[in-house]
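**Student:** Next up, structure-v5.cif (mmCIF, C-alpha atoms and all ligand atoms).
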```
data_protein
#
loop_
_atom_site.label_atom_id
_atom_site.label_comp_id
_atom_site.auth_asym_id
_atom_site.auth_seq_id
_atom_site.Cartn_x
_atom_site.Cartn_y
_atom_site.Cartn_z
CA MET A 1 27.37 -20.58 36.45
CA THR A 2 27.58 -16.76 36.65
CA ASP A 3 30.15 -16.94 33.84
CA VAL A 4 27.76 -18.92 31.69
CA ILE A 5 24.93 -16.46 32.35
CA SER A 6 26.98 -13.43 31.40
CA ARG A 7 28.39 -15.12 28.26
CA VAL A 8 24.97 -16.19 27.05
CA SER A 9 23.25 -12.90 27.83
CA ARG A 10 25.82 -11.13 25.67
CA GLN A 11 24.70 -13.21 22.66
CA PRO A 12 20.96 -12.50 22.28
CA LYS A 13 21.31 -12.44 18.48
CA HIS A 14 21.56 -16.24 18.58
CA PHE A 15 17.84 -16.31 19.28
CA LEU A 16 16.83 -14.42 16.15
CA SER A 17 15.54 -15.90 12.92
CA ASP A 18 17.60 -15.47 9.76
CA LYS A 19 14.55 -13.95 8.10
CA VAL A 20 14.45 -11.02 10.49
CA SER A 21 18.11 -10.26 9.92
CA HIS A 22 17.15 -9.27 6.36
CA PHE A 23 14.51 -6.80 7.53
CA THR A 24 15.17 -3.15 7.91
CA GLU A 25 12.97 -1.08 10.19
CA SER A 26 10.00 0.48 8.46
CA VAL A 27 11.35 3.85 7.30
CA ILE A 28 7.83 5.22 6.95
CA ARG A 29 6.91 4.50 10.55
CA GLU A 30 10.32 5.73 11.73
CA MET A 31 9.64 9.08 10.00
CA THR A 32 6.38 9.37 11.96
CA ARG A 33 8.35 8.95 15.19
CA GLN A 34 10.81 11.63 14.02
CA ALA A 35 7.93 13.97 13.19
CA MET A 36 6.69 13.56 16.78
CA LEU A 37 10.18 14.10 18.18
CA TYR A 38 10.70 17.40 16.33
CA GLY A 39 7.07 18.56 16.37
CA ALA A 40 7.10 18.54 12.56
CA VAL A 41 4.12 18.44 10.20
CA ASN A 42 3.80 14.75 9.33
CA LEU A 43 3.48 14.23 5.60
CA ALA A 44 5.33 10.92 5.90
CA GLN A 45 2.92 8.16 6.86
CA GLY A 46 -0.29 7.67 4.88
CA PHE A 47 -2.91 8.10 7.58
CA PRO A 48 -5.61 10.78 7.46
CA ASP A 49 -5.62 13.44 10.20
CA PHE A 50 -9.33 14.17 9.67
CA PRO A 51 -12.36 12.33 11.07
CA ALA A 52 -13.87 9.15 9.64
CA PRO A 53 -17.47 9.34 8.32
CA ALA A 54 -19.98 9.79 11.16
CA GLU A 55 -22.18 6.94 9.85
CA ILE A 56 -19.52 4.32 10.20
CA LYS A 57 -18.41 5.50 13.63
CA ALA A 58 -22.06 5.22 14.70
CA ALA A 59 -22.18 1.71 13.25
CA ALA A 60 -19.07 0.73 15.24
CA ARG A 61 -20.57 2.14 18.44
CA ALA A 62 -23.86 0.34 17.77
CA ALA A 63 -22.02 -2.96 17.26
CA ILE A 64 -20.20 -2.58 20.57
CA ASP A 65 -23.44 -1.58 22.32
CA ALA A 66 -25.05 -4.69 20.85
CA ASP A 67 -22.24 -6.76 22.41
CA VAL A 68 -20.58 -7.83 19.21
CA ASN A 69 -17.57 -8.58 21.35
CA GLN A 70 -16.57 -12.14 20.60
CA TYR A 71 -14.66 -13.73 17.72
CA ALA A 72 -16.34 -13.19 14.39
CA ILE A 73 -16.34 -16.11 11.94
CA THR A 74 -12.65 -16.60 11.19
CA TRP A 75 -12.94 -15.63 7.54
CA GLY A 76 -15.15 -12.64 8.27
CA ALA A 77 -18.58 -11.54 9.48
CA LYS A 78 -21.26 -12.57 7.03
CA SER A 79 -22.62 -9.01 6.79
CA LEU A 80 -19.22 -7.67 5.72
CA ARG A 81 -18.53 -10.49 3.25
CA ASN A 82 -21.95 -9.93 1.68
CA ALA A 83 -21.23 -6.21 1.37
CA ILE A 84 -17.81 -6.85 -0.20
CA ALA A 85 -19.31 -9.25 -2.76
CA ARG A 86 -22.12 -6.82 -3.58
CA GLN A 87 -19.72 -3.90 -4.08
CA MET A 88 -17.29 -5.89 -6.24
CA GLY A 89 -20.21 -6.73 -8.50
CA LEU A 90 -21.32 -3.12 -8.60
CA TRP A 91 -17.95 -1.46 -9.11
CA GLN A 92 -16.04 -3.98 -11.20
CA GLY A 93 -18.68 -6.36 -12.53
CA ILE A 94 -16.97 -9.24 -10.70
CA ASP A 95 -19.22 -11.99 -9.44
CA VAL A 96 -17.98 -13.11 -6.00
CA ASP A 97 -19.33 -15.86 -3.74
CA PRO A 98 -19.20 -14.38 -0.22
CA GLU A 99 -19.30 -17.86 1.34
CA LYS A 100 -16.37 -19.31 -0.55
CA GLU A 101 -14.21 -16.56 -1.97
CA ILE A 102 -13.60 -13.90 0.70
CA THR A 103 -11.27 -13.82 3.70
CA VAL A 104 -11.52 -10.83 6.01
CA CYS A 105 -8.18 -10.09 7.67
CA CYS A 106 -6.55 -7.60 10.04
CA GLY A 107 -5.98 -5.01 7.34
CA SER A 108 -4.92 -5.52 3.77
CA THR A 109 -1.44 -5.94 5.24
CA GLU A 110 -2.46 -9.26 6.77
CA ALA A 111 -4.41 -10.17 3.63
CA MET A 112 -1.20 -9.76 1.60
CA ILE A 113 1.07 -11.78 3.87
CA SER A 114 -1.58 -14.49 4.38
CA THR A 115 -1.94 -14.75 0.60
CA LEU A 116 1.79 -14.98 0.00
CA LEU A 117 2.21 -17.57 2.76
CA ALA A 118 -0.69 -19.52 1.27
CA VAL A 119 0.69 -19.65 -2.26
CA CYS A 120 4.50 -19.45 -2.16
CA ASN A 121 7.06 -22.19 -1.76
CA ALA A 122 10.80 -21.71 -1.28
CA GLY A 123 12.31 -21.04 -4.69
CA ASP A 124 9.21 -19.35 -6.07
CA GLU A 125 9.61 -15.87 -7.48
CA ALA A 126 7.32 -12.88 -7.23
CA VAL A 127 7.45 -10.06 -9.77
CA ILE A 128 7.14 -6.63 -8.15
CA PHE A 129 7.19 -3.20 -9.79
CA GLU A 130 9.58 -0.78 -8.16
CA PRO A 131 9.36 1.71 -6.53
CA PHE A 132 7.12 -0.46 -4.35
CA TYR A 133 5.14 -0.20 -1.13
CA GLU A 134 7.76 -1.14 1.42
CA ASN A 135 5.90 -4.09 2.99
CA TYR A 136 6.20 -6.18 -0.18
CA GLY A 137 9.94 -6.73 0.45
CA PRO A 138 9.58 -8.29 3.94
CA ASP A 139 6.39 -10.06 2.79
CA SER A 140 8.43 -11.85 0.14
CA ILE A 141 11.11 -12.81 2.65
CA LEU A 142 8.55 -14.19 5.12
CA SER A 143 6.84 -16.26 2.47
CA GLY A 144 10.09 -17.57 1.01
CA ALA A 145 9.50 -15.98 -2.39
CA LYS A 146 12.32 -14.28 -4.22
CA PRO A 147 11.30 -10.83 -5.47
CA ARG A 148 12.05 -9.95 -9.12
CA PHE A 149 11.86 -6.20 -9.48
CA VAL A 150 10.74 -4.42 -12.63
CA LYS A 151 11.32 -0.68 -12.89
CA LEU A 152 8.58 1.91 -13.13
CA ARG A 153 10.27 4.89 -14.73
CA PRO A 154 9.27 8.46 -13.83
CA PRO A 155 7.96 10.71 -16.59
CA ALA A 156 10.29 13.31 -18.10
CA SER A 157 7.79 16.03 -17.29
CA GLY A 158 6.03 16.09 -13.92
CA ASN A 159 2.64 15.77 -15.55
CA GLY A 160 3.43 12.62 -17.55
CA GLU A 161 2.94 8.97 -16.62
CA TRP A 162 5.22 6.44 -14.91
CA THR A 163 5.89 3.66 -17.40
CA PHE A 164 7.52 0.25 -17.56
CA ASP A 165 9.42 -1.47 -20.28
CA GLU A 166 7.53 -4.38 -21.80
CA LYS A 167 10.69 -6.36 -22.51
CA GLU A 168 11.98 -5.88 -18.98
CA LEU A 169 8.67 -7.11 -17.59
CA ARG A 170 8.68 -10.17 -19.85
CA ALA A 171 12.27 -10.94 -18.83
CA ALA A 172 11.18 -11.06 -15.17
CA PHE A 173 8.81 -13.95 -15.88
CA ASP A 174 10.12 -17.50 -16.07
CA ARG A 175 9.29 -21.00 -14.86
CA HIS A 176 9.98 -20.02 -11.23
CA THR A 177 7.49 -17.14 -11.27
CA LYS A 178 4.59 -17.86 -8.94
CA ALA A 179 2.98 -14.45 -8.71
CA ILE A 180 3.06 -10.82 -9.67
CA ILE A 181 2.23 -8.29 -6.96
CA LEU A 182 0.48 -5.32 -8.50
CA ASN A 183 -0.60 -2.16 -6.70
CA THR A 184 -2.99 0.09 -8.59
CA PRO A 185 -3.64 2.95 -7.87
CA ASN A 186 -0.02 2.88 -6.84
CA ASN A 187 1.86 3.89 -3.73
CA PRO A 188 4.29 5.72 -3.99
CA THR A 189 4.04 6.84 -7.62
CA GLY A 190 0.32 7.61 -7.96
CA LYS A 191 0.27 5.58 -11.16
CA VAL A 192 -3.06 4.08 -12.19
CA PHE A 193 -2.41 1.12 -14.49
CA THR A 194 -4.29 1.43 -17.78
CA ARG A 195 -6.35 -1.32 -19.37
CA ALA A 196 -3.65 -1.83 -22.02
CA GLU A 197 -0.97 -2.25 -19.33
CA LEU A 198 -3.15 -4.65 -17.36
CA GLU A 199 -3.85 -6.69 -20.49
CA LEU A 200 -0.15 -6.96 -21.14
CA ILE A 201 0.39 -8.23 -17.58
CA ARG A 202 -2.61 -10.55 -18.00
CA ASP A 203 -1.11 -12.07 -21.14
CA LEU A 204 2.15 -12.79 -19.31
CA CYS A 205 0.26 -14.32 -16.36
CA LEU A 206 -1.55 -16.63 -18.77
CA GLU A 207 1.54 -17.50 -20.77
CA PHE A 208 3.66 -18.30 -17.69
CA ASP A 209 0.80 -19.66 -15.53
CA VAL A 210 1.26 -16.96 -12.90
CA LEU A 211 -1.06 -15.67 -10.16
CA ALA A 212 -1.81 -11.93 -9.91
CA ILE A 213 -2.01 -10.53 -6.39
CA THR A 214 -3.44 -7.06 -6.66
CA ASP A 215 -3.44 -4.48 -3.89
CA GLU A 216 -6.32 -2.15 -4.74
CA ILE A 217 -6.73 -0.24 -1.50
CA TYR A 218 -6.70 3.15 -3.24
CA GLU A 219 -9.35 2.13 -5.79
CA HIS A 220 -11.63 5.08 -5.03
CA ILE A 221 -8.94 7.75 -4.84
CA LEU A 222 -8.60 8.77 -8.49
CA TYR A 223 -7.94 12.05 -10.33
CA ASP A 224 -8.02 13.54 -13.81
CA GLY A 225 -10.73 11.18 -15.07
CA THR A 226 -8.66 8.02 -14.56
CA GLN A 227 -10.50 4.77 -14.04
CA HIS A 228 -9.59 1.94 -11.71
CA ILE A 229 -9.71 -1.47 -13.37
CA SER A 230 -9.51 -4.61 -11.23
CA MET A 231 -7.23 -7.25 -12.68
CA ALA A 232 -9.82 -9.91 -11.78
CA SER A 233 -12.31 -8.26 -14.15
CA LEU A 234 -10.12 -9.00 -17.19
CA GLU A 235 -11.01 -12.02 -19.26
CA GLY A 236 -9.01 -15.05 -18.12
CA MET A 237 -7.92 -13.51 -14.80
CA ARG A 238 -10.79 -14.27 -12.44
CA GLU A 239 -9.34 -17.74 -11.75
CA ARG A 240 -5.80 -16.49 -11.19
CA THR A 241 -6.21 -13.26 -9.23
CA VAL A 242 -6.25 -12.47 -5.54
CA THR A 243 -7.78 -9.03 -5.05
CA ILE A 244 -6.75 -7.31 -1.84
CA ASN A 245 -8.57 -4.34 -0.40
CA GLY A 246 -9.60 -2.85 2.91
CA MET A 247 -11.31 -0.12 4.88
CA SER A 248 -8.19 1.87 5.84
CA LYS A 249 -7.96 4.30 2.96
CA THR A 250 -11.48 4.43 1.54
CA TYR A 251 -13.07 5.16 4.91
CA SER A 252 -10.16 6.94 6.65
CA VAL A 253 -9.82 4.32 9.41
CA THR A 254 -6.25 3.04 9.10
CA GLY A 255 -6.22 2.04 12.79
CA TRP A 256 -9.28 -0.20 12.60
CA ARG A 257 -7.36 -2.96 10.84
CA VAL A 258 -10.00 -4.44 8.58
CA GLY A 259 -9.03 -5.66 5.10
CA TRP A 260 -9.78 -8.63 2.87
CA ALA A 261 -8.62 -10.95 0.13
CA VAL A 262 -10.97 -12.11 -2.64
CA ALA A 263 -9.81 -15.20 -4.49
CA PRO A 264 -11.09 -18.38 -6.16
CA GLU A 265 -12.30 -21.01 -3.70
CA THR A 266 -9.19 -23.23 -3.64
CA ILE A 267 -6.89 -20.29 -3.02
CA THR A 268 -9.32 -18.81 -0.50
CA ASN A 269 -9.30 -22.07 1.47
CA ALA A 270 -5.53 -21.83 1.77
CA ILE A 271 -5.60 -18.13 2.69
CA ARG A 272 -8.26 -18.82 5.33
CA LYS A 273 -6.06 -21.47 6.97
CA VAL A 274 -3.06 -19.16 7.19
CA HIS A 275 -5.22 -16.28 8.38
CA ASP A 276 -6.85 -18.44 11.08
CA PHE A 277 -3.52 -19.44 12.57
CA LEU A 278 -2.01 -15.96 12.24
CA THR A 279 -4.74 -13.81 13.78
CA VAL A 280 -7.98 -15.87 14.13
CA GLY A 281 -9.99 -12.90 12.96
CA ALA A 282 -10.32 -9.16 12.46
CA PRO A 283 -12.03 -6.97 15.10
CA ALA A 284 -15.66 -8.14 15.20
CA PRO A 285 -17.52 -4.85 15.88
CA LEU A 286 -15.42 -3.03 13.28
CA GLN A 287 -16.36 -5.65 10.69
CA GLU A 288 -20.02 -4.75 11.34
CA ALA A 289 -19.10 -1.10 10.83
CA GLY A 290 -17.37 -2.22 7.62
CA ALA A 291 -20.66 -3.60 6.33
CA ALA A 292 -22.23 -0.18 6.99
CA ALA A 293 -19.30 1.58 5.30
CA LEU A 294 -19.63 -0.51 2.18
CA SER A 295 -23.30 0.47 2.04
CA LEU A 296 -22.59 4.22 1.81
CA PRO A 297 -24.12 5.86 -1.28
CA ALA A 298 -22.10 6.44 -4.48
CA GLU A 299 -21.84 10.15 -3.64
CA TYR A 300 -19.57 9.24 -0.70
CA TYR A 301 -16.87 7.99 -3.08
CA ALA A 302 -17.20 10.94 -5.44
CA LYS A 303 -16.78 13.30 -2.48
CA LEU A 304 -13.79 11.33 -1.20
CA ALA A 305 -12.02 11.68 -4.56
CA ARG A 306 -12.93 15.40 -4.81
CA GLY A 307 -11.54 16.03 -1.33
CA TYR A 308 -8.27 14.35 -2.24
CA ARG A 309 -8.02 16.23 -5.52
CA GLU A 310 -8.32 19.48 -3.60
CA ARG A 311 -5.57 18.36 -1.22
CA ARG A 312 -3.33 17.23 -4.07
CA ASP A 313 -3.83 20.54 -5.84
CA ARG A 314 -3.00 22.40 -2.62
CA LEU A 315 0.22 20.52 -1.87
CA ILE A 316 1.77 20.25 -5.33
CA PRO A 317 2.08 24.02 -6.01
CA ALA A 318 3.58 24.46 -2.52
CA LEU A 319 6.16 21.77 -3.25
CA GLU A 320 6.90 23.15 -6.71
CA ASN A 321 7.31 26.69 -5.36
CA ALA A 322 9.73 25.31 -2.79
CA GLY A 323 11.88 23.76 -5.56
CA PHE A 324 10.67 20.15 -5.78
CA LYS A 325 9.95 18.53 -9.12
CA CYS A 326 6.62 16.76 -8.56
CA PHE A 327 5.36 13.70 -10.39
CA HIS A 328 1.64 14.40 -10.45
CA PRO A 329 -0.30 11.40 -9.10
CA ARG A 330 -3.34 10.06 -10.98
CA GLY A 331 -4.51 8.11 -7.95
CA ALA A 332 -3.79 7.31 -4.26
CA TYR A 333 -2.71 10.13 -1.94
CA TYR A 334 1.02 10.54 -2.31
CA VAL A 335 3.24 12.70 -4.42
CA MET A 336 6.67 11.44 -5.37
CA THR A 337 9.16 14.25 -5.93
CA ASP A 338 12.63 14.76 -7.34
CA ILE A 339 14.93 16.65 -4.97
CA SER A 340 17.98 17.05 -7.19
CA ARG A 341 17.63 20.85 -7.26
CA PHE A 342 18.44 21.03 -3.55
CA GLY A 343 21.96 19.63 -3.95
CA PHE A 344 21.82 17.04 -1.13
CA PRO A 345 23.96 13.89 -1.49
CA ASP A 346 20.97 11.64 -0.83
CA ASP A 347 17.33 11.42 0.17
CA VAL A 348 18.02 10.33 3.75
CA SER A 349 20.18 13.36 4.59
CA PHE A 350 17.56 15.54 2.88
CA THR A 351 14.60 14.13 4.87
CA LYS A 352 16.59 14.40 8.12
CA TYR A 353 17.24 18.06 7.35
CA LEU A 354 13.62 18.56 6.33
CA VAL A 355 12.16 17.12 9.52
CA LYS A 356 14.63 18.73 11.91
CA GLU A 357 15.38 22.14 10.38
CA ILE A 358 12.29 22.86 8.25
CA GLY A 359 9.68 20.98 10.31
CA VAL A 360 8.13 18.72 7.67
CA ALA A 361 8.38 14.92 7.71
CA ALA A 362 8.49 13.03 4.40
CA VAL A 363 9.68 9.57 3.36
CA PRO A 364 13.09 9.06 1.69
CA GLY A 365 12.60 7.66 -1.80
CA SER A 366 15.18 4.92 -1.25
CA SER A 367 12.78 3.08 1.06
CA PHE A 368 10.72 2.20 -2.03
CA TYR A 369 13.64 0.64 -3.93
CA ARG A 370 15.79 -2.46 -3.52
CA ASN A 371 18.97 -0.44 -4.20
CA ALA A 372 19.02 2.73 -2.14
CA ARG A 373 20.79 4.65 -4.90
CA ASP A 374 17.77 4.32 -7.20
CA GLY A 375 15.67 6.48 -4.89
CA SER A 376 18.46 8.68 -3.62
CA GLN A 377 17.08 11.83 -5.26
CA GLN A 378 13.41 11.12 -4.56
CA VAL A 379 11.18 11.91 -1.60
CA ARG A 380 7.51 11.03 -1.03
CA PHE A 381 4.90 13.28 0.59
CA ALA A 382 1.46 12.09 1.76
CA PHE A 383 -1.45 14.50 1.37
CA CYS A 384 -4.16 12.63 3.27
CA LYS A 385 -4.27 15.58 5.62
CA LYS A 386 -6.54 18.51 6.47
CA LEU A 387 -6.06 21.54 4.23
CA GLU A 388 -4.76 23.48 7.24
CA THR A 389 -2.12 20.77 7.83
CA LEU A 390 -1.04 21.10 4.20
CA ASP A 391 -0.98 24.91 4.53
CA ALA A 392 1.17 24.64 7.65
CA ALA A 393 3.57 22.41 5.70
CA ALA A 394 3.57 24.86 2.77
CA GLU A 395 4.55 27.72 5.07
CA LYS A 396 7.49 25.74 6.40
CA LEU A 397 8.54 24.46 2.97
CA ALA A 398 8.77 28.04 1.70
CA ARG A 399 11.89 28.39 3.89
CA LEU A 400 13.76 25.71 1.91
CA GLN A 401 16.78 26.97 -0.01
CA PRO A 402 18.76 25.16 -2.71
CA ARG A 403 22.29 24.45 -1.45
C1 LIG A 501 -0.23 0.03 -1.14
C2 LIG A 501 -0.61 -0.19 0.26
N1 LIG A 501 -1.07 -1.39 0.64
C3 LIG A 501 -1.44 -1.62 1.91
C4 LIG A 501 -1.35 -0.64 2.88
C5 LIG A 501 -1.78 -0.96 4.28
O1 LIG A 501 -3.16 -1.14 4.31
P1 LIG A 501 -3.94 -1.69 5.59
O2 LIG A 501 -4.11 -0.56 6.54
O3 LIG A 501 -5.25 -2.16 5.03
O4 LIG A 501 -3.16 -2.80 6.18
C6 LIG A 501 -0.87 0.63 2.54
C7 LIG A 501 -0.74 1.68 3.56
O5 LIG A 501 -0.13 2.69 3.38
C8 LIG A 501 -0.51 0.86 1.19
O6 LIG A 501 -0.06 2.04 0.80
#
```
Hey, can you dump this file as C-alpha cells for me?

**Tutor:**
Amino acid sequence: MTDVISRVSRQPKHFLSDKVSHFTESVIREMTRQAMLYGAVNLAQGFPDFPAPAEIKAAARAAIDADVNQYAITWGAKSLRNAIARQMGLWQGIDVDPEKEITVCCGSTEAMISTLLAVCNAGDEAVIFEPFYENYGPDSILSGAKPRFVKLRPPASGNGEWTFDEKELRAAFDRHTKAIILNTPNNPTGKVFTRAELELIRDLCLEFDVLAITDEIYEHILYDGTQHISMASLEGMRERTVTINGMSKTYSVTGWRVGWAVAPETITNAIRKVHDFLTVGAPAPLQEAGAAALSLPAEYYAKLARGYRERRDRLIPALENAGFKCFHPRGAYYVMTDISRFGFPDDVSFTKYLVKEIGVAAVPGSSFYRNARDGSQQVRFAFCKKLETLDAAAEKLARLQPR
C-alpha cells in the first residue's frame, strides 16, 4: 500500500488536463511579481497606480451601505445594463436592448472566454492579429478554436502606423473560420484601426460568414485626434459582432472585475448560459458603481485621454533618450519598443536585466507572439502610472548602456 501511495504521488501530472499543458504562465503577471521581488518600478502590467474617480468609489460604498450584497441578476444589474445601452447609443450610435443583448461578466476577460465558449466548436478557427493580448491564446485553447494569426507590422519610423497585409488577412479566412478577434485601440501596439481597415475586415466577415469579437476596453484612451469606431456600428455588422468592454481601464478599477459583452439576442442567450455556469455573476455592489461610472459627464473622458497623453509624452522621450526605438501609440496605454540597439540576444534576457540591474519592469515582446523569435527584439512598457512613477523610471532608464 505504501508503495502504491509513493508511486502515485510521484505522478501528479496524470491529473492535469491536456489543455493546461499548452498554457504558459502569464508573462505579464510574472513580471509584476519580479518587480515586487527587486523593488523595481513596475511598467509591466497595465494597472493604474493612481486613484479611481471619487464619484464611483462613493457609489460603491453607497451600494454596500445599502446592502447590495447578494447575487445580482446573472446577466447583470438592470441599472448597469441600462447605462451600457445608453452609452453605446451615445458614443457609437448603436441601438442596444439592455434586456436581451447585454451580459455583464467578471471583467472583459470573462466576457471574452464566455463568448468564445458560447460560439466555438472543435475545428473552428479564430483569426487573431499578432502581436496580440496574451489571453487570446489560452482563450482559443479553452474554447477549442484554432488561432490563425495575421501579422501587424511595425512602422519603419516610430511615428508611423502598424499595418497589416490585406492578402495575408484574406488568406487567413476560409470555411473553418468562425470568428475574428479584434482589439482596437490595441494592446500592445497602440494601433487604432481606421474605418477603411474595419470595412475591409467587415467585408471579409460578410463574405466568409464570420463573427467579429471586438475587445474595445481602451475605447476612450485615444491620442493625436484618432477616433474609435466600434465594429458593430458598421453597416452589416450589428448582427455578427460581439462587443466586449469593461470598467477596468476607463475608470481605473482593474481589480473590480466588471466587464460586459454586447451581442445579438441569440448569441447573448448562449453567452449568458456559459457566464452563469462559470461565475454566476459579477460583484453586485460594483455593478451599481458601474452604473454611476457610465453616467459621468463627457468631460471625464476628455480628461482621461488628456492625462494619458501627458503620461505617454513623458515616457516616450525618456525611453528614446535611453536608446529605445519607440512605436508611438495612437490609443491604449502601452508603448511597444525596439531594443535592437542594446545588443541583447533576446527580449527575455533584456527584461531580466532591466528589472534586476536597472530597476524597471517591462514585458518581453515575445509574450505577444506565437513564435518567440518574432518579438525577440521588442519590449512593452505600460504608462498607466503617476507622472512621478514615470519620472522614477526615467531616472533609472538613463543608466542603460548599449552593450
Ligand atoms: C486588450 C485587453 N483586453 C482585456 C484586458 C483585461 O480586461 P479586464 O480587466 O476587463 O478583464 C486587458 C488588460 O490588460 C487588455 O489589455

**Student:** Using only C-alpha atoms, what residues lie at most 12 Å away from (-5.3, 6.4, -12.4) (file coordinates), given as a ChimeraX atom specification?

**Tutor:** /A:160-162,183-187,189-195,197,216,218-230,305,328-333

**Student:** Within 8 Å of ligand LIG 501 (chain A), counting only C-alpha atoms and all ligand atoms, which protein or nucleic acid residues do you find, written as a ChimeraX atom specification?

**Tutor:** /A:45-47,106-111,133,135,183-184,186-188,215-218,245-249,254-259

**Student:** Excluding Glu235 of chain A and its own-chain neighbours fewer than 2 positions away, which residues fall within 12 Å of it when counting all atoms listed in the file? Please give them as a ChimeraX atom specification.

**Tutor:** /A:93-94,195,198-199,202-203,205-206,230-233,237-241

**Student:** With C-alpha atoms retained, export the selected residues as a compact mmCIF listing (two decimals), in the coordinates of the input.

**Tutor:**
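This went into selection.txt:
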```
# COMPACT_ATOMS: atom_id res chain seq x y z
CA GLY A 93 -18.68 -6.36 -12.53
CA ILE A 94 -16.97 -9.24 -10.70
CA ARG A 195 -6.35 -1.32 -19.37
CA LEU A 198 -3.15 -4.65 -17.36
CA GLU A 199 -3.85 -6.69 -20.49
CA ARG A 202 -2.61 -10.55 -18.00
CA ASP A 203 -1.11 -12.07 -21.14
CA CYS A 205 0.26 -14.32 -16.36
CA LEU A 206 -1.55 -16.63 -18.77
CA SER A 230 -9.51 -4.61 -11.23
CA MET A 231 -7.23 -7.25 -12.68
CA ALA A 232 -9.82 -9.91 -11.78
CA SER A 233 -12.31 -8.26 -14.15
CA MET A 237 -7.92 -13.51 -14.80
CA ARG A 238 -10.79 -14.27 -12.44
CA GLU A 239 -9.34 -17.74 -11.75
CA ARG A 240 -5.80 -16.49 -11.19
CA THR A 241 -6.21 -13.26 -9.23
```

**Student:** Taking all atoms listed in the file into account, name the residue in A:Leu152, A:Val119, A:Leu286, A:Ile28 that is nearest to Phe132 of chain A.

**Tutor:**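 Ranking A:Leu152, A:Val119, A:Leu286, A:Ile28 by distance to Phe132 of chain A, first place goes to A:Leu152.
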
**Student:** Which of these residues is nearest to Tyr353 of chain A, using only C-alpha atoms: A:Leu116, A:Ala35, A:Pro155, A:Glu130?

**Tutor:** A:Ala35

**Student:** Write out as a list of chain:residue names each polymer residue whose atoms come within 10 Å of Asp174 of chain A, counting all atoms listed in the file; drop sequence neighbours fewer than 2 positions from it.

**Tutor:**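 Returned residues: A:Glu125, A:Arg170, A:Ala171, A:Ala172, A:His176, A:Thr177, A:Lys178, A:Leu204, A:Glu207, A:Phe208, A:Asp209, A:Val210.
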
**Student:** Using atom CA of Lys167 of chain A and atom CA of Thr337 of chain A as the two end points, give the distance in Å to one decimal.

**Tutor:**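 Rounded to one decimal, the two atoms are 26.5 Å apart.
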
**Student:** Taking all atoms listed in the file into account, which of A:Leu211, A:Ile180, A:Ala291, A:Val363 comes nearest Lys78 of chain A?

**Tutor:**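 Looking at the shortest contact to Lys78 of chain A, the residue is A:Ala291.
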
**Student:** Quote the spacing between atom CA of Ala292 of chain A and atom CA of Pro264 of chain A in Å to one decimal place.

**Tutor:**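 Computed distance, atom CA of Ala292 of chain A to atom CA of Pro264 of chain A, equals 25.1 Å.
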
**Student:** Work out how far apart atom CA of Ala293 of chain A and atom CA of Ile56 of chain A are and give it in Å to one decimal.

**Tutor:**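 Interatomic distance here is 5.6 Å.
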
**Student:** Tell me which of A:Glu320, A:Lys100, A:Ser295, A:Asn69 sits closest to Thr266 of chain A, counting only C-alpha atoms.

**Tutor:** A:Lys100

**Student:** Out of A:Met112, A:Glu310, A:Phe350, A:Asn371, which residue has the shortest atom-to-atom distance to Leu387 of chain A when counting only C-alpha atoms?

**Tutor:** A:Glu310

**Student:** Could you list, as a list of chain:residue names, every residue within 10 Å of Ile73 of chain A, counting only C-alpha atoms and ignoring same-chain residues fewer than 3 positions away?

**Tutor:**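 So, after excluding close chain neighbours, the residues are A:Gln70, A:Gly76, A:Ala77, A:Lys78, A:Thr103, A:Val104, A:Asp276, A:Val280, A:Gly281, A:Ala282, A:Ala284.
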
**Student:** Any idea what's packed within 12 Å of segment 366-369 of chain A, counting all atoms listed in the file, ignoring anything in its chain fewer than 3 positions away? Could you give it as a ChimeraX atom specification?

**Tutor:** /A:23-31,44,128-137,147-152,186-189,336,338,346-351,362-363,372-380
